[in-house]
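Comments concern the structure below.
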Amino acid sequence: MAPMLLRAFVLLTVTALAGCASGIALTEAGRSVERVSDADRPAGCQLLGDVAIGVPPDAARPRTEDELVMLMRNKVGDSGGDVVIVDMSEQRDAETERPYWIGRGRGYSCPEPEPEPEASPAPDEDPADEAPDEELPEEESGDGAGGEITVDDILAE
């Protein structure tokens, strides 16, 4: 009976391990790489080269498209890039194994975006025309007495 229990234990262990995460994760370099479409690629990027996953000579066989993109981001990050464009990704069915994904893309190194300039007044506007926030303009009272309205008067109402 012991061999049967051992078989059951091995089978359960193998099944449990198959359900675990694949171990594919973003590297430190891969975290700085963003996936964008070709249309959304920032201006001024320099092509670093092609990126292929699951296509010989690369032997990786990611189980999901997300894992495929992670591996691409890692490769681009390792080559000093910060943008990846995935040109092709497709699922393959291995006859003797579980399905896996392959893909091709391009890695780029893109310049830092220019900081947004601070808003300046329009040419027609004079900054001196703006009233300071902390002072209230002096106005005449509507009662004909010619008195000034103060902050205390406003708060008392």
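Scheme for the structure tokens: letters A, B, ... for chains in order shown; per-chain residue numbers from 1; ligand numbers from 1 in order shown.
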8 Å contact set for Glu34 of chain A, only C-alpha atoms, chain neighbours under 5 positions out, as a ChimeraX atom specification: /A:73,82-84
Expected answer as a PyMOL selection string: strand (DSSP E or B) residues in segment 20-95 of chain A: chain A and resi 34-35+46-53+83-92
At a cut-off of 9 Å, using only C-alpha atoms, what residues contact Lys75 of chain A? Leave out same-chain residues fewer than 6 positions from it and give the result as a short mmCIF file (atom, residue, chain, number, x, y, z; two decimals) with all heavy atoms, in the first residue's frame.
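And here's selection.cif as it stands now:
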data_model
loop_
_atom_site.label_atom_id
_atom_site.label_comp_id
_atom_site.auth_asym_id
_atom_site.auth_seq_id
_atom_site.Cartn_x
_atom_site.Cartn_y
_atom_site.Cartn_z
N ALA A 29 15.39 46.32 -14.69
CA ALA A 29 15.47 47.02 -15.98
C ALA A 29 14.15 46.96 -16.72
O ALA A 29 13.73 47.92 -17.36
CB ALA A 29 16.59 46.42 -16.83
N GLY A 30 13.44 45.84 -16.65
CA GLY A 30 12.17 45.67 -17.34
C GLY A 30 11.07 46.56 -16.80
O GLY A 30 10.15 46.94 -17.52
N VAL A 51 13.23 42.35 -30.94
CA VAL A 51 13.10 41.53 -29.74
C VAL A 51 12.23 40.34 -30.13
O VAL A 51 11.11 40.52 -30.64
CB VAL A 51 12.42 42.32 -28.60
CG1 VAL A 51 12.29 41.47 -27.36
CG2 VAL A 51 13.16 43.60 -28.31
N GLY A 81 16.93 50.14 -23.24
CA GLY A 81 15.75 50.79 -23.79
C GLY A 81 14.69 51.07 -22.74
O GLY A 81 14.76 50.59 -21.61
N GLY A 107 12.60 47.24 -29.75
CA GLY A 107 12.96 48.00 -28.56
C GLY A 107 13.51 49.36 -28.94
O GLY A 107 14.23 49.49 -29.93
#
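The gap separating atom CA of Cys45 of chain A from atom CA of Pro113 of chain A is 10.9 Å, in Å to one decimal.
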For Met72 of chain A, work out the shell of residues within 10 Å, counting only C-alpha atoms and skipping chain neighbours fewer than 2 positions away, then give it as an mmCIF file with all heavy atoms, in the first residue's frame.
data_model
loop_
_atom_site.group_PDB
_atom_site.id
_atom_site.type_symbol
_atom_site.label_atom_id
_atom_site.label_comp_id
_atom_site.auth_asym_id
_atom_site.auth_seq_id
_atom_site.Cartn_x
_atom_site.Cartn_y
_atom_site.Cartn_z
ATOM 1 N N LEU A 26 9.116 40.692 -13.959
ATOM 2 C CA LEU A 26 9.860 41.834 -14.484
ATOM 3 C C LEU A 26 11.152 42.012 -13.700
ATOM 4 O O LEU A 26 11.159 41.924 -12.472
ATOM 5 C CB LEU A 26 9.040 43.114 -14.385
ATOM 6 C CG LEU A 26 7.945 43.299 -15.413
ATOM 7 C CD1 LEU A 26 7.122 44.543 -15.089
ATOM 8 C CD2 LEU A 26 8.510 43.395 -16.812
ATOM 9 N N GLY A 30 13.440 45.837 -16.649
ATOM 10 C CA GLY A 30 12.167 45.671 -17.338
ATOM 11 C C GLY A 30 11.068 46.564 -16.797
ATOM 12 O O GLY A 30 10.145 46.943 -17.519
ATOM 13 N N VAL A 33 10.526 49.812 -18.668
ATOM 14 C CA VAL A 33 10.146 49.730 -20.079
ATOM 15 C C VAL A 33 8.627 49.756 -20.183
ATOM 16 O O VAL A 33 7.932 49.023 -19.493
ATOM 17 C CB VAL A 33 10.708 48.443 -20.731
ATOM 18 C CG1 VAL A 33 10.240 48.318 -22.171
ATOM 19 C CG2 VAL A 33 12.224 48.436 -20.654
ATOM 20 N N ARG A 35 5.235 49.392 -22.677
ATOM 21 C CA ARG A 35 4.725 48.870 -23.949
ATOM 22 C C ARG A 35 3.800 49.919 -24.549
ATOM 23 O O ARG A 35 2.874 50.395 -23.884
ATOM 24 C CB ARG A 35 3.940 47.571 -23.721
ATOM 25 C CG ARG A 35 3.344 47.045 -25.009
ATOM 26 C CD ARG A 35 2.447 45.864 -24.789
ATOM 27 N NE ARG A 35 1.927 45.381 -26.063
ATOM 28 C CZ ARG A 35 1.131 44.350 -26.185
ATOM 29 N NH1 ARG A 35 0.751 43.668 -25.122
ATOM 30 N NH2 ARG A 35 0.708 43.984 -27.373
ATOM 31 N N ASP A 50 15.515 44.434 -32.782
ATOM 32 C CA ASP A 50 14.360 43.538 -32.705
ATOM 33 C C ASP A 50 14.410 42.726 -31.416
ATOM 34 O O ASP A 50 15.489 42.444 -30.885
ATOM 35 C CB ASP A 50 14.344 42.589 -33.903
ATOM 36 C CG ASP A 50 14.075 43.313 -35.206
ATOM 37 O OD1 ASP A 50 13.396 44.352 -35.176
ATOM 38 O OD2 ASP A 50 14.542 42.840 -36.257
ATOM 39 N N VAL A 51 13.232 42.349 -30.942
ATOM 40 C CA VAL A 51 13.096 41.528 -29.745
ATOM 41 C C VAL A 51 12.226 40.341 -30.127
ATOM 42 O O VAL A 51 11.115 40.520 -30.637
ATOM 43 C CB VAL A 51 12.421 42.316 -28.602
ATOM 44 C CG1 VAL A 51 12.293 41.471 -27.359
ATOM 45 C CG2 VAL A 51 13.161 43.601 -28.314
ATOM 46 N N ALA A 52 12.724 39.129 -29.900
ATOM 47 C CA ALA A 52 11.956 37.923 -30.208
ATOM 48 C C ALA A 52 11.932 37.024 -28.978
ATOM 49 O O ALA A 52 12.956 36.834 -28.323
ATOM 50 C CB ALA A 52 12.569 37.188 -31.391
ATOM 51 N N ILE A 53 10.764 36.487 -28.689
ATOM 52 C CA ILE A 53 10.587 35.562 -27.573
ATOM 53 C C ILE A 53 9.945 34.293 -28.115
ATOM 54 O O ILE A 53 8.939 34.355 -28.833
ATOM 55 C CB ILE A 53 9.689 36.159 -26.461
ATOM 56 C CG1 ILE A 53 10.253 37.475 -25.934
ATOM 57 C CG2 ILE A 53 9.454 35.154 -25.346
ATOM 58 C CD1 ILE A 53 11.555 37.362 -25.175
ATOM 59 N N ASP A 66 0.738 37.958 -21.266
ATOM 60 C CA ASP A 66 1.336 38.872 -20.288
ATOM 61 C C ASP A 66 2.775 38.480 -19.980
ATOM 62 O O ASP A 66 3.647 39.337 -19.870
ATOM 63 C CB ASP A 66 0.517 38.898 -18.989
ATOM 64 C CG ASP A 66 -0.802 39.630 -19.137
ATOM 65 O OD1 ASP A 66 -0.938 40.440 -20.080
ATOM 66 O OD2 ASP A 66 -1.693 39.399 -18.305
ATOM 67 N N GLU A 67 3.029 37.170 -19.835
ATOM 68 C CA GLU A 67 4.397 36.709 -19.593
ATOM 69 C C GLU A 67 5.283 37.008 -20.799
ATOM 70 O O GLU A 67 6.448 37.384 -20.640
ATOM 71 C CB GLU A 67 4.412 35.212 -19.288
ATOM 72 C CG GLU A 67 3.839 34.857 -17.938
ATOM 73 C CD GLU A 67 3.839 33.360 -17.664
ATOM 74 O OE1 GLU A 67 4.175 32.566 -18.580
ATOM 75 O OE2 GLU A 67 3.508 32.983 -16.533
ATOM 76 N N LEU A 68 4.747 36.859 -21.996
ATOM 77 C CA LEU A 68 5.488 37.171 -23.218
ATOM 78 C C LEU A 68 5.934 38.630 -23.201
ATOM 79 O O LEU A 68 7.105 38.947 -23.442
ATOM 80 C CB LEU A 68 4.613 36.896 -24.444
ATOM 81 C CG LEU A 68 5.183 37.358 -25.789
ATOM 82 C CD1 LEU A 68 6.317 36.450 -26.224
ATOM 83 C CD2 LEU A 68 4.091 37.403 -26.836
ATOM 84 N N VAL A 69 5.017 39.535 -22.886
ATOM 85 C CA VAL A 69 5.331 40.964 -22.857
ATOM 86 C C VAL A 69 6.342 41.261 -21.743
ATOM 87 O O VAL A 69 7.248 42.084 -21.924
ATOM 88 C CB VAL A 69 4.047 41.807 -22.726
ATOM 89 C CG1 VAL A 69 4.365 43.279 -22.512
ATOM 90 C CG2 VAL A 69 3.166 41.614 -23.958
ATOM 91 N N MET A 70 6.220 40.591 -20.597
ATOM 92 C CA MET A 70 7.195 40.786 -19.518
ATOM 93 C C MET A 70 8.600 40.443 -19.991
ATOM 94 O O MET A 70 9.556 41.187 -19.739
ATOM 95 C CB MET A 70 6.850 39.906 -18.310
ATOM 96 C CG MET A 70 5.912 40.521 -17.330
ATOM 97 S SD MET A 70 5.869 39.506 -15.833
ATOM 98 C CE MET A 70 4.187 38.975 -15.885
ATOM 99 N N ASN A 74 11.806 42.922 -20.310
ATOM 100 C CA ASN A 74 13.092 42.621 -19.674
ATOM 101 C C ASN A 74 14.239 42.714 -20.682
ATOM 102 O O ASN A 74 15.291 43.286 -20.388
ATOM 103 C CB ASN A 74 13.072 41.235 -19.033
ATOM 104 C CG ASN A 74 12.188 41.172 -17.800
ATOM 105 O OD1 ASN A 74 11.797 42.182 -17.231
ATOM 106 N ND2 ASN A 74 11.854 39.969 -17.385
ATOM 107 N N LYS A 75 14.041 42.151 -21.877
ATOM 108 C CA LYS A 75 15.096 42.187 -22.900
ATOM 109 C C LYS A 75 15.410 43.619 -23.327
ATOM 110 O O LYS A 75 16.565 43.996 -23.472
ATOM 111 C CB LYS A 75 14.695 41.369 -24.133
ATOM 112 C CG LYS A 75 15.005 39.906 -24.018
ATOM 113 C CD LYS A 75 14.834 39.234 -25.366
ATOM 114 C CE LYS A 75 15.320 37.801 -25.299
ATOM 115 N NZ LYS A 75 15.276 37.151 -26.607
ATOM 116 N N VAL A 76 14.373 44.420 -23.544
ATOM 117 C CA VAL A 76 14.577 45.812 -23.954
ATOM 118 C C VAL A 76 15.266 46.583 -22.829
ATOM 119 O O VAL A 76 16.194 47.364 -23.074
ATOM 120 C CB VAL A 76 13.248 46.473 -24.368
ATOM 121 C CG1 VAL A 76 13.420 47.971 -24.589
ATOM 122 C CG2 VAL A 76 12.699 45.814 -25.618
ATOM 123 N N GLY A 77 14.842 46.363 -21.599
ATOM 124 C CA GLY A 77 15.478 47.034 -20.462
ATOM 125 C C GLY A 77 16.944 46.661 -20.330
ATOM 126 O O GLY A 77 17.792 47.510 -20.046
ATOM 127 N N ASP A 78 17.266 45.384 -20.552
ATOM 128 C CA ASP A 78 18.659 44.929 -20.479
ATOM 129 C C ASP A 78 19.524 45.591 -21.545
ATOM 130 O O ASP A 78 20.729 45.743 -21.362
ATOM 131 C CB ASP A 78 18.747 43.407 -20.615
ATOM 132 C CG ASP A 78 18.218 42.677 -19.384
ATOM 133 O OD1 ASP A 78 18.074 43.320 -18.319
ATOM 134 O OD2 ASP A 78 17.940 41.471 -19.492
ATOM 135 N N VAL A 84 8.897 49.356 -25.687
ATOM 136 C CA VAL A 84 8.798 48.175 -26.547
ATOM 137 C C VAL A 84 7.491 48.256 -27.320
ATOM 138 O O VAL A 84 6.460 48.669 -26.789
ATOM 139 C CB VAL A 84 8.882 46.846 -25.751
ATOM 140 C CG1 VAL A 84 7.696 46.652 -24.821
ATOM 141 C CG2 VAL A 84 8.991 45.656 -26.701
ATOM 142 N N ILE A 85 7.586 47.903 -28.592
ATOM 143 C CA ILE A 85 6.403 47.802 -29.446
ATOM 144 C C ILE A 85 6.294 46.337 -29.845
ATOM 145 O O ILE A 85 7.236 45.771 -30.412
ATOM 146 C CB ILE A 85 6.521 48.704 -30.685
ATOM 147 C CG1 ILE A 85 6.572 50.162 -30.234
ATOM 148 C CG2 ILE A 85 5.377 48.453 -31.657
ATOM 149 C CD1 ILE A 85 6.852 51.146 -31.328
ATOM 150 N N VAL A 86 5.169 45.719 -29.514
ATOM 151 C CA VAL A 86 4.949 44.318 -29.857
ATOM 152 C C VAL A 86 4.299 44.276 -31.235
ATOM 153 O O VAL A 86 3.182 44.744 -31.415
ATOM 154 C CB VAL A 86 4.067 43.616 -28.802
ATOM 155 C CG1 VAL A 86 3.812 42.173 -29.189
ATOM 156 C CG2 VAL A 86 4.705 43.710 -27.425
ATOM 157 N N GLY A 103 6.505 35.723 -29.795
ATOM 158 C CA GLY A 103 6.262 37.090 -30.245
ATOM 159 C C GLY A 103 7.515 37.764 -30.754
ATOM 160 O O GLY A 103 8.632 37.337 -30.475
ATOM 161 N N ARG A 104 7.290 38.826 -31.509
ATOM 162 C CA ARG A 104 8.362 39.678 -32.036
ATOM 163 C C ARG A 104 7.973 41.130 -31.802
ATOM 164 O O ARG A 104 6.797 41.476 -31.832
ATOM 165 C CB ARG A 104 8.561 39.465 -33.530
ATOM 166 C CG ARG A 104 9.160 38.135 -33.891
ATOM 167 C CD ARG A 104 9.526 38.118 -35.382
ATOM 168 N NE ARG A 104 10.022 36.828 -35.764
ATOM 169 C CZ ARG A 104 11.299 36.466 -35.699
ATOM 170 N NH1 ARG A 104 12.188 37.308 -35.269
ATOM 171 N NH2 ARG A 104 11.678 35.260 -36.062
ATOM 172 N N GLY A 105 8.979 41.929 -31.597
ATOM 173 C CA GLY A 105 8.743 43.352 -31.401
ATOM 174 C C GLY A 105 10.019 44.135 -31.630
ATOM 175 O O GLY A 105 11.009 43.602 -32.128
ATOM 176 N N ARG A 106 9.977 45.412 -31.235
ATOM 177 C CA ARG A 106 11.121 46.307 -31.395
ATOM 178 C C ARG A 106 11.335 47.077 -30.103
ATOM 179 O O ARG A 106 10.385 47.499 -29.460
ATOM 180 C CB ARG A 106 10.868 47.305 -32.523
ATOM 181 C CG ARG A 106 10.794 46.653 -33.893
ATOM 182 C CD ARG A 106 10.278 47.600 -34.954
ATOM 183 N NE ARG A 106 8.806 47.612 -34.837
ATOM 184 C CZ ARG A 106 8.055 48.699 -34.967
ATOM 185 N NH1 ARG A 106 8.601 49.867 -35.216
ATOM 186 N NH2 ARG A 106 6.755 48.620 -34.848
ATOM 187 N N GLY A 107 12.604 47.238 -29.750
ATOM 188 C CA GLY A 107 12.959 48.000 -28.562
ATOM 189 C C GLY A 107 13.511 49.364 -28.944
ATOM 190 O O GLY A 107 14.231 49.491 -29.933
#
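In this model, the gap between atom CA of Trp101 of chain A and atom CA of Met88 of chain A comes to 10.3 Å.
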Between atom CA of Ile24 of chain A and atom CA of Glu65 of chain A - distance in Å to one decimal: 11.7 Å
Nearest candidate to Arg31 of chain A (options A:Thr64, A:Pro56, A:Gly80, A:Pro99; using only C-alpha atoms): A:Gly80
Shell of 7 Å around Gln46 of chain A, only C-alpha atoms, local chain residues under 2 positions omitted, as a PyMOL selection string: chain A and resi 44+48+108-110
Can those selected residues be exported to a file as a tab-separated table (two decimals), in the first residue's frame so that it contains N, CA and C atoms?
chain	number	residue	atom	x	y	z
A	44	GLY	N	11.36	61.06	-31.53
A	44	GLY	CA	12.79	61.11	-31.23
A	44	GLY	C	13.37	59.84	-30.67
A	48	LEU	N	16.69	50.31	-30.96
A	48	LEU	CA	17.79	49.52	-30.41
A	48	LEU	C	17.91	48.17	-31.12
A	108	TYR	N	13.16	50.38	-28.16
A	108	TYR	CA	13.59	51.75	-28.43
A	108	TYR	C	14.13	52.40	-27.15
A	109	SER	N	15.00	53.35	-27.37
A	109	SER	CA	15.44	54.25	-26.31
A	109	SER	C	14.89	55.62	-26.68
A	110	CYS	N	14.06	56.16	-25.81
A	110	CYS	CA	13.38	57.42	-26.11
A	110	CYS	C	13.86	58.53	-25.17
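Between Pro62 of chain A and the candidates A:Thr150, A:Ser37, A:Thr27, A:Ser89, the tightest atom-to-atom separation, counting only C-alpha atoms, involves A:Ser89.
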